[in-house]
$ cat input07.txt   # compact mmCIF, C-alpha atoms
# COMPACT_ATOMS: atom_id res chain seq x y z
CA MET A 1 -114.66 -72.72 -87.78
CA ALA A 2 -114.23 -69.82 -85.39
CA ILE A 3 -111.98 -66.88 -86.15
CA GLU A 4 -111.59 -64.08 -83.66
CA VAL A 5 -111.90 -60.60 -85.18
CA ARG A 6 -110.80 -57.43 -83.37
CA ILE A 7 -112.87 -54.40 -84.29
CA PRO A 8 -111.46 -50.83 -83.99
CA THR A 9 -113.39 -48.30 -81.92
CA ILE A 10 -114.52 -46.39 -84.99
CA LEU A 11 -116.36 -49.48 -86.40
CA ARG A 12 -117.99 -50.76 -83.21
CA SER A 13 -121.26 -49.10 -84.13
CA TYR A 14 -121.69 -52.09 -86.49
CA THR A 15 -121.02 -54.68 -83.80
CA GLY A 16 -123.23 -53.32 -81.05
CA GLY A 17 -120.14 -51.95 -79.33
CA ALA A 18 -118.36 -55.32 -79.29
CA LYS A 19 -114.57 -55.11 -79.35
CA VAL A 20 -114.13 -58.72 -80.50
CA VAL A 21 -116.53 -60.74 -82.65
CA GLU A 22 -116.32 -64.24 -84.08
CA GLY A 23 -116.77 -65.28 -87.67
CA ALA A 24 -116.04 -68.05 -90.14
CA GLY A 25 -114.57 -68.40 -93.63
CA ASP A 26 -111.81 -70.05 -95.63
CA THR A 27 -110.56 -66.68 -96.87
CA LEU A 28 -110.67 -63.11 -95.58
CA GLY A 29 -113.31 -62.30 -98.20
CA ASP A 30 -115.50 -65.15 -96.93
CA LEU A 31 -114.99 -64.03 -93.35
CA LEU A 32 -116.03 -60.45 -94.11
CA ALA A 33 -119.15 -61.71 -95.95
CA ASP A 34 -119.99 -63.86 -92.94
CA LEU A 35 -119.51 -60.95 -90.55
CA ASP A 36 -121.65 -58.69 -92.74
CA SER A 37 -124.56 -61.14 -92.47
CA ARG A 38 -124.69 -60.40 -88.74
CA HIS A 39 -123.18 -56.90 -88.70
CA ALA A 40 -124.74 -55.30 -91.76
CA GLY A 41 -122.70 -52.48 -93.27
CA LEU A 42 -119.35 -53.51 -91.80
CA LYS A 43 -117.99 -54.98 -95.04
CA ALA A 44 -118.76 -51.84 -97.03
CA ARG A 45 -116.54 -49.86 -94.66
CA LEU A 46 -113.59 -52.17 -95.35
CA VAL A 47 -113.95 -53.16 -98.99
CA THR A 48 -114.40 -50.83 -101.99
CA GLU A 49 -117.03 -51.28 -104.69
CA THR A 50 -114.33 -52.74 -106.92
CA GLY A 51 -113.56 -55.40 -104.32
CA ALA A 52 -110.28 -54.14 -102.87
CA LEU A 53 -109.43 -53.26 -99.28
CA HIS A 54 -109.88 -49.57 -98.54
CA ARG A 55 -106.57 -47.75 -98.69
CA PHE A 56 -106.62 -46.52 -95.11
CA VAL A 57 -107.69 -49.80 -93.55
CA ASN A 58 -105.14 -52.38 -92.47
CA VAL A 59 -106.17 -55.96 -91.78
CA TYR A 60 -103.83 -58.41 -90.09
CA VAL A 61 -104.06 -62.19 -89.78
CA ASN A 62 -102.04 -63.32 -86.78
CA ASP A 63 -100.21 -59.98 -86.81
CA GLU A 64 -99.30 -60.13 -90.49
CA ASP A 65 -100.65 -57.61 -93.05
CA VAL A 66 -103.08 -59.42 -95.39
CA ARG A 67 -102.01 -57.27 -98.34
CA PHE A 68 -98.88 -59.45 -98.48
CA LEU A 69 -100.86 -62.68 -98.02
CA GLY A 70 -103.28 -62.34 -100.92
CA ALA A 71 -105.50 -59.56 -99.50
CA LEU A 72 -109.15 -60.70 -99.57
CA ASP A 73 -107.99 -64.10 -100.87
CA ALA A 74 -105.74 -64.63 -97.82
CA LYS A 75 -106.34 -68.10 -96.42
CA LEU A 76 -107.71 -68.43 -92.90
CA ASN A 77 -107.63 -71.31 -90.45
CA ASP A 78 -109.57 -72.17 -87.34
CA GLY A 79 -108.16 -70.29 -84.39
CA ASP A 80 -106.66 -67.48 -86.44
CA SER A 81 -106.86 -63.99 -85.04
CA VAL A 82 -107.82 -61.13 -87.37
CA THR A 83 -107.21 -57.49 -86.42
CA ILE A 84 -108.69 -54.51 -88.23
CA LEU A 85 -106.98 -51.14 -87.72
CA PRO A 86 -106.99 -47.68 -89.27
CA ALA A 87 -103.71 -46.96 -91.10
CA VAL A 88 -101.46 -44.86 -88.90
CA ALA A 89 -97.92 -43.97 -89.85
CA GLY A 90 -95.22 -44.32 -87.25
CA GLY A 91 -94.58 -41.05 -85.52
CA ALA A 92 -98.25 -40.32 -86.13
CA PHE A 93 -98.11 -36.95 -84.42
CA GLY A 94 -95.39 -35.61 -86.64
CA PHE A 95 -96.98 -36.97 -89.77
CA ALA A 96 -100.42 -35.59 -89.10
CA ALA A 97 -98.95 -32.17 -88.44
CA ALA A 98 -96.43 -32.30 -91.28
CA ALA A 99 -99.03 -33.41 -93.77
CA ALA A 100 -101.28 -30.57 -92.70
CA ILE A 101 -98.53 -28.01 -93.23
CA ALA A 102 -97.58 -29.48 -96.59
CA GLN A 103 -101.20 -29.23 -97.72
CA HIS A 104 -101.51 -25.75 -96.35
CA SER A 105 -98.33 -24.62 -98.12
CA ALA A 106 -99.44 -26.23 -101.37
CA ALA A 107 -102.81 -24.51 -101.10
CA ALA A 108 -101.10 -21.19 -100.45
CA GLY A 109 -99.07 -21.73 -103.60
CA ALA A 110 -95.83 -21.30 -101.71
CA THR A 111 -92.88 -21.99 -103.96
CA ARG A 112 -90.85 -23.47 -101.14
CA SER A 113 -93.55 -25.85 -99.96
CA ALA A 114 -93.05 -29.53 -99.38
CA ARG A 115 -94.91 -31.98 -101.57
CA GLY A 116 -98.63 -32.30 -100.98
CA ALA A 117 -99.67 -34.89 -98.48
CA SER A 118 -101.94 -37.84 -98.95
CA VAL A 119 -104.56 -36.96 -96.42
CA ALA A 120 -107.14 -38.02 -98.93
CA ALA A 121 -110.81 -38.34 -98.27
CA ARG A 122 -112.80 -41.04 -99.98
CA MET B 1 -61.91 -45.82 -90.33
CA ALA B 2 -61.75 -43.93 -87.09
CA ARG B 3 -60.96 -40.33 -87.99
CA TYR B 4 -63.41 -37.81 -89.47
CA ASP B 5 -63.23 -34.12 -90.37
CA SER B 6 -66.44 -33.33 -88.51
CA LEU B 7 -69.28 -34.99 -86.65
CA LEU B 8 -71.43 -34.93 -89.80
CA ASP B 9 -68.81 -37.03 -91.57
CA ALA B 10 -69.11 -39.61 -88.79
CA CYS B 11 -72.73 -40.34 -89.73
CA GLY B 12 -73.39 -43.94 -90.78
CA GLY B 13 -70.78 -46.68 -91.06
CA THR B 14 -72.39 -48.39 -88.08
CA PRO B 15 -71.35 -51.85 -86.88
CA LEU B 16 -73.25 -55.01 -87.77
CA VAL B 17 -73.05 -57.47 -84.90
CA GLY B 18 -74.08 -61.12 -84.73
CA LEU B 19 -76.52 -62.33 -82.08
CA PRO B 20 -75.33 -65.88 -81.38
CA ARG B 21 -77.49 -66.26 -78.27
CA LEU B 22 -80.75 -64.97 -79.71
CA SER B 23 -80.37 -66.73 -83.06
CA PRO B 24 -82.51 -69.89 -83.17
CA THR B 25 -80.75 -73.23 -82.84
CA VAL B 26 -81.05 -75.43 -85.90
CA PRO B 27 -81.11 -79.26 -86.01
CA ASP B 28 -77.79 -81.05 -86.66
CA GLY B 29 -76.82 -80.81 -90.29
CA ALA B 30 -79.42 -78.11 -91.07
CA PRO B 31 -78.28 -74.86 -92.67
CA PRO B 32 -77.49 -72.01 -90.25
CA VAL B 33 -80.02 -69.33 -89.33
CA ARG B 34 -78.34 -66.22 -87.96
CA LEU B 35 -79.55 -62.86 -86.65
CA TRP B 36 -77.50 -59.69 -87.16
CA ALA B 37 -78.10 -56.29 -85.54
CA LYS B 38 -77.23 -53.03 -87.34
CA LEU B 39 -76.38 -50.68 -84.48
CA GLU B 40 -77.85 -47.38 -85.63
CA ASP B 41 -77.63 -46.00 -82.10
CA ARG B 42 -73.93 -45.49 -82.94
CA ASN B 43 -74.79 -42.49 -85.10
CA PRO B 44 -73.85 -38.95 -83.94
CA THR B 45 -77.10 -38.24 -82.03
CA GLY B 46 -77.83 -41.88 -81.28
CA SER B 47 -80.41 -42.86 -83.87
CA ILE B 48 -80.88 -43.95 -87.47
CA LYS B 49 -82.56 -40.60 -88.19
CA ASP B 50 -79.17 -38.88 -88.48
CA ARG B 51 -78.79 -40.40 -91.94
CA ALA B 52 -82.09 -39.01 -93.22
CA ALA B 53 -81.62 -35.61 -91.54
CA LEU B 54 -78.20 -35.13 -93.12
CA PHE B 55 -79.37 -36.17 -96.59
CA MET B 56 -82.53 -34.03 -96.45
CA VAL B 57 -80.62 -30.92 -95.38
CA ARG B 58 -77.95 -31.44 -98.06
CA ALA B 59 -80.61 -32.01 -100.73
CA ALA B 60 -82.43 -28.81 -99.69
CA GLU B 61 -79.14 -26.88 -99.81
CA GLU B 62 -78.33 -28.20 -103.27
CA ALA B 63 -81.84 -27.35 -104.50
CA GLY B 64 -81.50 -23.81 -103.11
CA ARG B 65 -84.41 -24.31 -100.72
CA LEU B 66 -82.17 -23.71 -97.69
CA ARG B 67 -79.84 -20.76 -97.35
CA PRO B 68 -77.60 -19.87 -94.40
CA GLY B 69 -79.61 -18.52 -91.49
CA ASP B 70 -82.90 -20.04 -92.65
CA THR B 71 -85.37 -21.57 -90.22
CA ILE B 72 -86.41 -25.21 -90.50
CA LEU B 73 -89.82 -26.18 -89.11
CA GLU B 74 -90.26 -29.79 -88.02
CA PRO B 75 -93.36 -31.20 -86.39
CA THR B 76 -91.95 -34.13 -84.43
CA SER B 77 -91.91 -35.77 -81.07
CA GLY B 78 -89.23 -38.19 -82.15
CA ASN B 79 -85.66 -38.79 -83.17
CA THR B 80 -85.87 -36.81 -86.40
CA GLY B 81 -86.10 -33.59 -84.41
CA ILE B 82 -82.96 -34.45 -82.45
CA SER B 83 -81.05 -35.37 -85.63
CA LEU B 84 -82.18 -32.24 -87.44
CA ALA B 85 -81.26 -30.09 -84.44
CA MET B 86 -77.69 -31.36 -84.60
CA VAL B 87 -77.40 -31.01 -88.38
CA ALA B 88 -79.03 -27.56 -88.30
CA LYS B 89 -76.60 -26.40 -85.61
CA LEU B 90 -73.55 -27.54 -87.55
CA ARG B 91 -74.81 -26.24 -90.91
CA GLY B 92 -75.99 -22.87 -89.58
CA TYR B 93 -79.78 -23.06 -89.49
CA ARG B 94 -82.37 -22.40 -86.84
CA LEU B 95 -84.69 -25.31 -86.00
CA VAL B 96 -88.20 -24.96 -84.60
CA CYS B 97 -89.94 -28.17 -83.46
CA VAL B 98 -93.66 -28.46 -82.87
CA MET B 99 -94.58 -31.22 -80.47
CA PRO B 100 -97.33 -32.27 -78.09
CA GLU B 101 -96.81 -31.00 -74.56
CA ASN B 102 -97.01 -34.55 -73.15
CA VAL B 103 -93.75 -35.83 -74.66
CA SER B 104 -91.04 -37.05 -72.28
CA THR B 105 -88.78 -34.55 -70.57
CA GLU B 106 -85.70 -36.30 -72.00
CA ARG B 107 -86.81 -35.33 -75.49
CA VAL B 108 -87.44 -31.72 -74.61
CA GLN B 109 -84.10 -31.47 -72.81
CA LEU B 110 -82.21 -33.11 -75.67
CA LEU B 111 -83.74 -30.85 -78.29
CA ARG B 112 -83.02 -27.70 -76.28
CA MET B 113 -79.48 -28.88 -75.62
CA TYR B 114 -78.88 -29.24 -79.34
CA GLY B 115 -80.24 -25.74 -79.80
CA ALA B 116 -83.76 -26.34 -81.11
CA GLU B 117 -86.67 -24.10 -80.19
CA ILE B 118 -89.87 -25.85 -79.18
CA ILE B 119 -93.48 -24.88 -79.68
CA PHE B 120 -95.88 -27.09 -77.75
CA SER B 121 -99.30 -28.05 -78.99
CA PRO B 122 -101.86 -28.86 -76.29
CA ALA B 123 -101.88 -32.58 -75.44
CA ALA B 124 -105.65 -32.60 -75.24
CA GLY B 125 -106.99 -32.91 -78.74
CA GLY B 126 -104.28 -35.30 -79.96
CA SER B 127 -103.37 -35.25 -83.62
CA ASN B 128 -106.22 -32.94 -84.53
CA GLN B 129 -104.85 -30.31 -82.18
CA ALA B 130 -101.33 -30.94 -83.47
CA VAL B 131 -102.55 -30.39 -87.01
CA ALA B 132 -104.29 -27.16 -86.03
CA THR B 133 -101.21 -25.84 -84.22
CA ALA B 134 -98.89 -26.78 -87.07
CA LYS B 135 -101.13 -25.12 -89.66
CA GLN B 136 -101.29 -21.94 -87.63
CA ILE B 137 -97.50 -21.76 -87.28
CA ALA B 138 -96.94 -22.45 -90.97
CA ALA B 139 -99.43 -19.70 -91.84
CA GLU B 140 -97.68 -17.21 -89.56
CA HIS B 141 -94.23 -18.08 -90.94
CA PRO B 142 -94.50 -18.84 -94.66
CA ASP B 143 -90.70 -18.50 -95.06
CA TRP B 144 -89.89 -21.38 -92.71
CA VAL B 145 -88.72 -24.50 -94.54
CA MET B 146 -90.25 -27.87 -93.83
CA LEU B 147 -88.26 -30.87 -95.00
CA TYR B 148 -91.28 -33.18 -94.75
CA GLN B 149 -89.58 -36.52 -94.15
CA TYR B 150 -92.69 -38.53 -95.11
CA GLY B 151 -92.49 -37.46 -98.73
CA ASN B 152 -88.85 -36.40 -99.06
CA GLU B 153 -86.98 -38.65 -101.50
CA ALA B 154 -83.68 -37.75 -99.80
CA ASN B 155 -84.91 -39.64 -96.73
CA ALA B 156 -85.16 -42.92 -98.66
CA ARG B 157 -82.06 -42.08 -100.74
CA ALA B 158 -79.97 -41.82 -97.56
CA HIS B 159 -80.63 -45.50 -97.02
CA TYR B 160 -80.23 -46.46 -100.68
CA GLU B 161 -76.81 -44.82 -100.70
CA THR B 162 -75.53 -45.70 -97.22
CA THR B 163 -77.47 -48.24 -95.12
CA GLY B 164 -78.02 -50.66 -98.01
CA PRO B 165 -74.41 -50.75 -99.28
CA GLU B 166 -73.07 -51.03 -95.72
CA LEU B 167 -75.27 -54.07 -95.05
CA LEU B 168 -74.33 -55.81 -98.28
CA HIS B 169 -70.63 -55.11 -97.70
CA ASP B 170 -70.72 -56.54 -94.18
CA LEU B 171 -73.13 -59.41 -94.91
CA PRO B 172 -72.94 -60.54 -98.56
CA THR B 173 -74.98 -63.63 -97.62
CA ILE B 174 -77.94 -61.55 -96.37
CA THR B 175 -81.35 -63.20 -96.98
CA HIS B 176 -83.69 -60.95 -94.94
CA PHE B 177 -83.72 -57.27 -94.02
CA VAL B 178 -86.07 -56.24 -91.20
CA ALA B 179 -86.76 -52.65 -90.17
CA GLY B 180 -89.45 -50.43 -88.69
CA LEU B 181 -92.17 -48.80 -90.76
CA GLY B 182 -92.67 -45.15 -89.87
CA THR B 183 -91.81 -42.65 -92.57
CA THR B 184 -90.93 -45.83 -94.51
CA GLY B 185 -87.62 -44.23 -95.61
CA THR B 186 -85.38 -46.95 -94.12
CA LEU B 187 -87.33 -49.81 -95.70
CA MET B 188 -87.84 -48.12 -99.07
CA GLY B 189 -84.22 -47.05 -99.50
CA THR B 190 -82.44 -50.07 -98.05
CA GLY B 191 -85.07 -52.41 -99.48
CA ARG B 192 -84.69 -51.07 -103.03
CA TYR B 193 -80.91 -51.27 -102.86
CA LEU B 194 -80.91 -54.86 -101.62
CA ARG B 195 -83.55 -55.88 -104.18
CA ASP B 196 -81.29 -54.47 -106.90
CA LYS B 197 -78.31 -56.46 -105.66
CA VAL B 198 -79.49 -59.62 -103.91
CA GLU B 199 -81.70 -62.14 -105.63
CA GLY B 200 -84.57 -63.36 -103.50
CA ILE B 201 -83.96 -60.87 -100.68
CA GLN B 202 -86.86 -60.63 -98.23
CA VAL B 203 -87.70 -57.09 -97.13
CA VAL B 204 -89.73 -57.28 -93.93
CA ALA B 205 -91.54 -54.41 -92.20
CA ALA B 206 -92.39 -54.25 -88.50
CA GLU B 207 -94.94 -51.61 -87.61
CA PRO B 208 -95.95 -50.73 -84.08
CA ARG B 209 -99.49 -51.56 -82.97
CA TYR B 210 -100.30 -49.06 -80.26
CA GLY B 211 -102.85 -49.19 -77.48
CA GLU B 212 -106.49 -48.45 -78.24
CA LEU B 213 -106.19 -44.83 -77.12
CA VAL B 214 -103.96 -43.99 -80.05
CA TYR B 215 -106.38 -45.34 -82.65
CA GLY B 216 -109.50 -44.31 -80.78
CA LEU B 217 -110.58 -41.34 -82.85
CA ARG B 218 -108.86 -42.27 -86.07
CA ASN B 219 -111.21 -42.28 -89.03
CA ILE B 220 -110.71 -45.06 -91.55
CA ASP B 221 -111.96 -42.97 -94.45
CA GLU B 222 -109.02 -40.62 -94.21
CA GLY B 223 -105.70 -41.96 -93.12
CA TYR B 224 -102.04 -41.26 -93.31
CA VAL B 225 -99.88 -43.23 -95.69
CA PRO B 226 -96.50 -41.58 -96.34
CA GLU B 227 -95.86 -40.64 -99.98
CA LEU B 228 -92.56 -42.54 -99.78
CA TYR B 229 -94.38 -45.82 -99.15
CA ASP B 230 -94.31 -48.30 -102.03
CA ALA B 231 -95.75 -51.65 -100.99
CA THR B 232 -93.98 -53.47 -103.84
CA VAL B 233 -90.62 -52.98 -102.08
CA LEU B 234 -91.79 -55.11 -99.15
CA THR B 235 -92.30 -58.84 -99.05
CA ARG B 236 -94.04 -58.96 -95.67
CA ARG B 237 -95.38 -56.60 -93.07
CA PHE B 238 -95.91 -57.43 -89.39
CA SER B 239 -97.92 -55.54 -86.82
CA VAL B 240 -96.28 -55.82 -83.39
CA GLY B 241 -98.14 -55.05 -80.20
CA THR B 242 -96.76 -53.22 -77.18
CA ARG B 243 -96.29 -56.34 -75.07
CA ASP B 244 -94.24 -58.19 -77.71
CA ALA B 245 -92.13 -55.10 -78.37
CA VAL B 246 -91.33 -54.68 -74.67
CA LEU B 247 -90.60 -58.40 -74.25
CA ARG B 248 -88.11 -58.40 -77.13
CA THR B 249 -86.51 -55.10 -76.06
CA ARG B 250 -85.80 -56.65 -72.66
CA GLN B 251 -84.56 -59.90 -74.22
CA LEU B 252 -82.14 -58.00 -76.42
CA VAL B 253 -80.41 -56.38 -73.45
CA GLU B 254 -80.67 -59.40 -71.15
CA VAL B 255 -79.38 -61.98 -73.64
CA GLU B 256 -77.15 -60.00 -76.00
CA GLY B 257 -76.32 -56.88 -74.01
CA ILE B 258 -77.85 -54.45 -76.51
CA PHE B 259 -79.82 -51.68 -74.79
CA ALA B 260 -82.35 -50.40 -77.32
CA GLY B 261 -85.62 -48.48 -77.56
CA PHE B 262 -88.99 -50.18 -77.98
CA SER B 263 -89.25 -49.78 -81.74
CA THR B 264 -86.20 -52.06 -81.95
CA GLY B 265 -88.04 -54.63 -79.84
CA ALA B 266 -90.88 -54.62 -82.37
CA ILE B 267 -88.38 -55.12 -85.20
CA LEU B 268 -86.62 -57.95 -83.35
CA HIS B 269 -90.00 -59.65 -82.85
CA ALA B 270 -90.55 -59.72 -86.63
CA ALA B 271 -86.93 -60.78 -87.24
CA LEU B 272 -87.33 -63.74 -84.86
CA ALA B 273 -90.57 -64.73 -86.61
CA VAL B 274 -88.88 -64.99 -90.02
CA ALA B 275 -85.81 -66.67 -88.48
CA HIS B 276 -87.88 -69.39 -86.81
CA GLU B 277 -89.81 -69.88 -90.03
CA ALA B 278 -86.54 -70.47 -91.88
CA VAL B 279 -85.56 -73.07 -89.27
CA ARG B 280 -88.90 -74.88 -89.68
CA GLU B 281 -88.44 -74.92 -93.46
CA GLY B 282 -84.81 -76.00 -93.23
CA ARG B 283 -83.55 -72.95 -95.12
CA ARG B 284 -80.36 -70.98 -94.58
CA ALA B 285 -81.01 -67.44 -93.35
CA ASP B 286 -78.94 -64.37 -92.52
CA VAL B 287 -81.47 -61.97 -91.02
CA ALA B 288 -80.23 -58.39 -90.55
CA PHE B 289 -82.37 -55.99 -88.55
CA VAL B 290 -82.12 -52.38 -87.48
CA VAL B 291 -81.45 -51.21 -83.93
CA CYS B 292 -83.04 -47.76 -84.35
CA ASP B 293 -81.83 -46.14 -81.15
CA GLY B 294 -80.68 -46.80 -77.60
CA GLY B 295 -83.02 -47.14 -74.66
CA TRP B 296 -81.88 -44.04 -72.78
CA LYS B 297 -84.69 -41.76 -73.94
CA TYR B 298 -87.33 -44.25 -72.81
CA LEU B 299 -86.09 -45.08 -69.31
CA SER B 300 -88.55 -42.66 -67.73
CA THR B 301 -91.46 -44.73 -69.07
CA GLY B 302 -90.58 -47.33 -66.45
CA ALA B 303 -91.23 -50.04 -69.05
CA TYR B 304 -87.79 -51.68 -68.69
CA GLY B 305 -88.61 -53.10 -65.27
CA GLY B 306 -91.56 -54.76 -63.53
CA THR B 307 -93.99 -57.16 -65.15
CA LEU B 308 -94.87 -57.06 -68.84
CA ALA B 309 -98.42 -56.08 -67.90
CA ASP B 310 -97.07 -53.08 -65.95
CA ALA B 311 -94.92 -52.10 -68.91
CA GLU B 312 -97.87 -52.39 -71.25
CA ASP B 313 -99.89 -50.11 -68.98
CA ALA B 314 -97.01 -47.64 -68.80
CA LEU B 315 -96.91 -47.38 -72.60
CA GLU B 316 -100.68 -47.37 -73.16
CA GLY B 317 -101.64 -44.32 -75.18
CA GLN B 318 -98.02 -43.50 -76.01
CA LEU B 319 -96.48 -43.48 -79.46
CA TRP B 320 -93.58 -45.67 -78.40
CA ALA B 321 -92.11 -46.09 -81.87
$ encode --input "input07.txt" --output "structure tokens"
Amino acid sequence: MAIEVRIPTILRSYTGGAKVVEGAGDTLGDLLADLDSRHAGLKARLVTETGALHRFVNVYVNDEDVRFLGALDAKLNDGDSVTILPAVAGGAFGFAAAAAIAQHSAAAGATRSARGASVAAR
Amino acid sequence: MARYDSLLDACGGTPLVGLPRLSPTVPDGAPPVRLWAKLEDRNPTGSIKDRAALFMVRAAEEAGRLRPGDTILEPTSGNTGISLAMVAKLRGYRLVCVMPENVSTERVQLLRMYGAEIIFSPAAGGSNQAVATAKQIAAEHPDWVMLYQYGNEANARAHYETTGPELLHDLPTITHFVAGLGTTGTLMGTGRYLRDKVEGIQVVAAEPRYGELVYGLRNIDEGYVPELYDATVLTRRFSVGTRDAVLRTRQLVEVEGIFAGFSTGAILHAALAVAHEAVREGRRADVAFVVCDGGWKYLSTGAYGGTLADAEDALEGQLWA
């Protein structure tokens, strides 16, 4: 069973630079295990030690977010297309900048600051 | 209602129009599946962001965070800046927008026309440069007020108190609500309201999937998820690529005469997906989706004409939603 998987630029060091790789599995979890057998280390970048998808990674099966399809238990079929992307809010420019200011203001202890932003590191 | 005391009072109350030509045909005897467009381009500055801008400014006034003559700082290259510029003008504030220098000239002209001041961050360097510029400005002007739409509850509340009730009033038989996922304010506010009132309502998100250039340098260990975002409000979330968004944007104007921006095309793509699914399953569906803004501001991209491949190239590397 072949499933096409699109790899974001930031993770292509695990796939020898390949933009698209093929894998197999009845579920997303199976697929990632299969991919990891040939692209060691890839799975650990996507799945936490407790077995959940990393917060800032989005995975889509045929353009639909797997978090609403059972996450790692999402069912896959032959011919499905899986896309892995970093989480980016719409209006990414504004958000990146706004979040930075909010953090800065919070750090400066400004009383009129916006709420702290979730630019969290692992 | 057709008379208002001021432009700010004319915010919201937008029409909901049926799309008989784009709605899928159902087999004889099967329950109807209908698409409905909420025309948010009919707001005072031409986008859904007027609702959030007005609510955020009012909330800041009530909380004492904004006083007459204050300066609002907004890092934006989008509609929120235009909406805030209008609200700030009418409520007596100064607005400073930080934006990348490679945004379209329409946006710059619109913002200046509404009275906003613009500080450009160098295009080279992308978000990292934008962050650096924004931090520097905030450090130099600690008294400027940032409304921070990504974490401002008044953004979502605007939709809980206005967009949601309007939809339910106009379409009591609503089964699906489809909108874009950016700050997440529209989906969180409208979605929560409809979940409170309509049993089994489906709240569907359409998020733009940009060209590779946009994601290129993005690290997956640190990302941006707006504080307003609560995944439990949604039932599904679609990622829509540039080509599909352009295709649907063109279809909307060609078939139904609605001239919209590309984020609306992405939303329509998701709306059609759930509508066709309902047809396949033989279920009744009234799918309402958001028309975020008109297409005027995006004409200079050239993506309304030519082949889809040309349009895709024209939008490559751009944050089109």
$ residues_around --input "input07.txt" --residues "range 58-64 of chain B" --least-positions-apart "6" --cutoff "10 Å" --atoms "all atoms listed in the file" --output "ChimeraX atom specification"
/A:112 /B:52,87,91,145-147,152-155
$ atom_distance --input "input07.txt" --atom1 "CA of Ile267 in chain B" --atom2 "CA of Glu166 in chain B"
19.0 Å
$ residues_near_point --input "input07.txt" --point "(-87.3, -52.6, -100.1)" --cutoff "6 Å" --atoms "only C-alpha atoms" --output "PyMOL selection string"
chain B and resi 187-188+190-192+203+233-234
$ write_last_selection --input "input07.txt" --atoms "C-alpha atoms" --output "short mmCIF file (atom, residue, chain, number, x, y, z; two decimals), keeping the file's coordinate frame"
data_model
loop_
_atom_site.label_atom_id
_atom_site.label_comp_id
_atom_site.auth_asym_id
_atom_site.auth_seq_id
_atom_site.Cartn_x
_atom_site.Cartn_y
_atom_site.Cartn_z
CA LEU B 187 -87.33 -49.81 -95.70
CA MET B 188 -87.84 -48.12 -99.07
CA THR B 190 -82.44 -50.07 -98.05
CA GLY B 191 -85.07 -52.41 -99.48
CA ARG B 192 -84.69 -51.07 -103.03
CA VAL B 203 -87.70 -57.09 -97.13
CA VAL B 233 -90.62 -52.98 -102.08
CA LEU B 234 -91.79 -55.11 -99.15
#
$ residues_around --input "input07.txt" --residues "Leu19 in chain B" --least-positions-apart "5" --cutoff "9 Å" --atoms "all atoms listed in the file" --output "list in words"
Arg34, Leu35, Trp36, Ala37, Val255 and Glu256 of chain B
$ write_last_selection --input "input07.txt" --atoms "C-alpha atoms" --output "CSV table (one decimal), keeping the file's coordinate frame"
chain,number,residue,atom,x,y,z
B,34,ARG,CA,-78.3,-66.2,-88.0
B,35,LEU,CA,-79.6,-62.9,-86.6
B,36,TRP,CA,-77.5,-59.7,-87.2
B,37,ALA,CA,-78.1,-56.3,-85.5
B,255,VAL,CA,-79.4,-62.0,-73.6
B,256,GLU,CA,-77.2,-60.0,-76.0
$ atom_distance --input "input07.txt" --atom1 "CA of Gly78 in chain B" --atom2 "CA of Arg107 in chain B"
7.6 Å
$ closest_residue --input "input07.txt" --among "B:Glu312, B:Phe259, B:Tyr148, B:Ala270" --to "His176 in chain B" --atoms "all atoms listed in the file"
B:Ala270
$ residues_around --input "input07.txt" --residues "range 36-41 of chain A" --least-positions-apart "4" --cutoff "12 Å" --atoms "all atoms listed in the file" --output "list in words"
Ile7, Leu11, Arg12, Ser13, Tyr14, Thr15, Gly16, Gly17, Ala18, Val21, Glu22, Gly23, Ala24, Gly29, Asp30, Leu31, Leu32, Arg45, Leu46 and Val47 of chain A
$ closest_residue --input "input07.txt" --among "B:Thr175, B:Ser83, B:Ser300, B:Ser121" --to "chain A" --atoms "only C-alpha atoms"
B:Ser121
$ closest_residue --input "input07.txt" --among "A:His54, A:Thr83, A:Arg6, A:Leu28" --to "Ala71 in chain A" --atoms "only C-alpha atoms"
A:Leu28
$ axis_aligned_box --input "input07.txt" --around "range 82-85 of chain B" --padding-each-side "3 Å" --output "lines of an AutoDock Vina configuration file"
center_x = -82.0
center_y = -32.7
center_z = -84.9
size_x = 7.9
size_y = 11.3
size_z = 11.0
$ atom_distance --input "input07.txt" --atom1 "CA of Ala275 in chain B" --atom2 "CA of Glu64 in chain A"
15.1 Å
$ closest_residue --input "input07.txt" --among "A:Ile10, A:Asp34, A:Gly70, A:Ile3" --to "chain B" --atoms "all atoms listed in the file"
A:Ile10
$ residues_around --input "input07.txt" --residues "Ala303 in chain B" --least-positions-apart "6" --cutoff "9 Å" --atoms "only C-alpha atoms" --output "mmCIF file with C-alpha atoms, in the frame of the given file"
data_model
loop_
_atom_site.group_PDB
_atom_site.id
_atom_site.type_symbol
_atom_site.label_atom_id
_atom_site.label_comp_id
_atom_site.auth_asym_id
_atom_site.auth_seq_id
_atom_site.Cartn_x
_atom_site.Cartn_y
_atom_site.Cartn_z
ATOM 1 C CA VAL B 246 -91.330 -54.680 -74.670
ATOM 2 C CA ASP B 310 -97.070 -53.080 -65.950
ATOM 3 C CA ALA B 311 -94.920 -52.100 -68.910
ATOM 4 C CA GLU B 312 -97.870 -52.390 -71.250
ATOM 5 C CA ASP B 313 -99.890 -50.110 -68.980
ATOM 6 C CA ALA B 314 -97.010 -47.640 -68.800
ATOM 7 C CA LEU B 315 -96.910 -47.380 -72.600
#
$ residues_near_point --input "input07.txt" --point "(-105.2, -52.7, -93.6)" --cutoff "9 Å" --atoms "only C-alpha atoms" --output "list in words"
Leu46, Leu53, His54, Arg55, Phe56, Val57, Asn58, Val59, Tyr60, Asp65, Val66, Arg67, Thr83, Ile84, Leu85, Pro86 and Ala87 of chain A
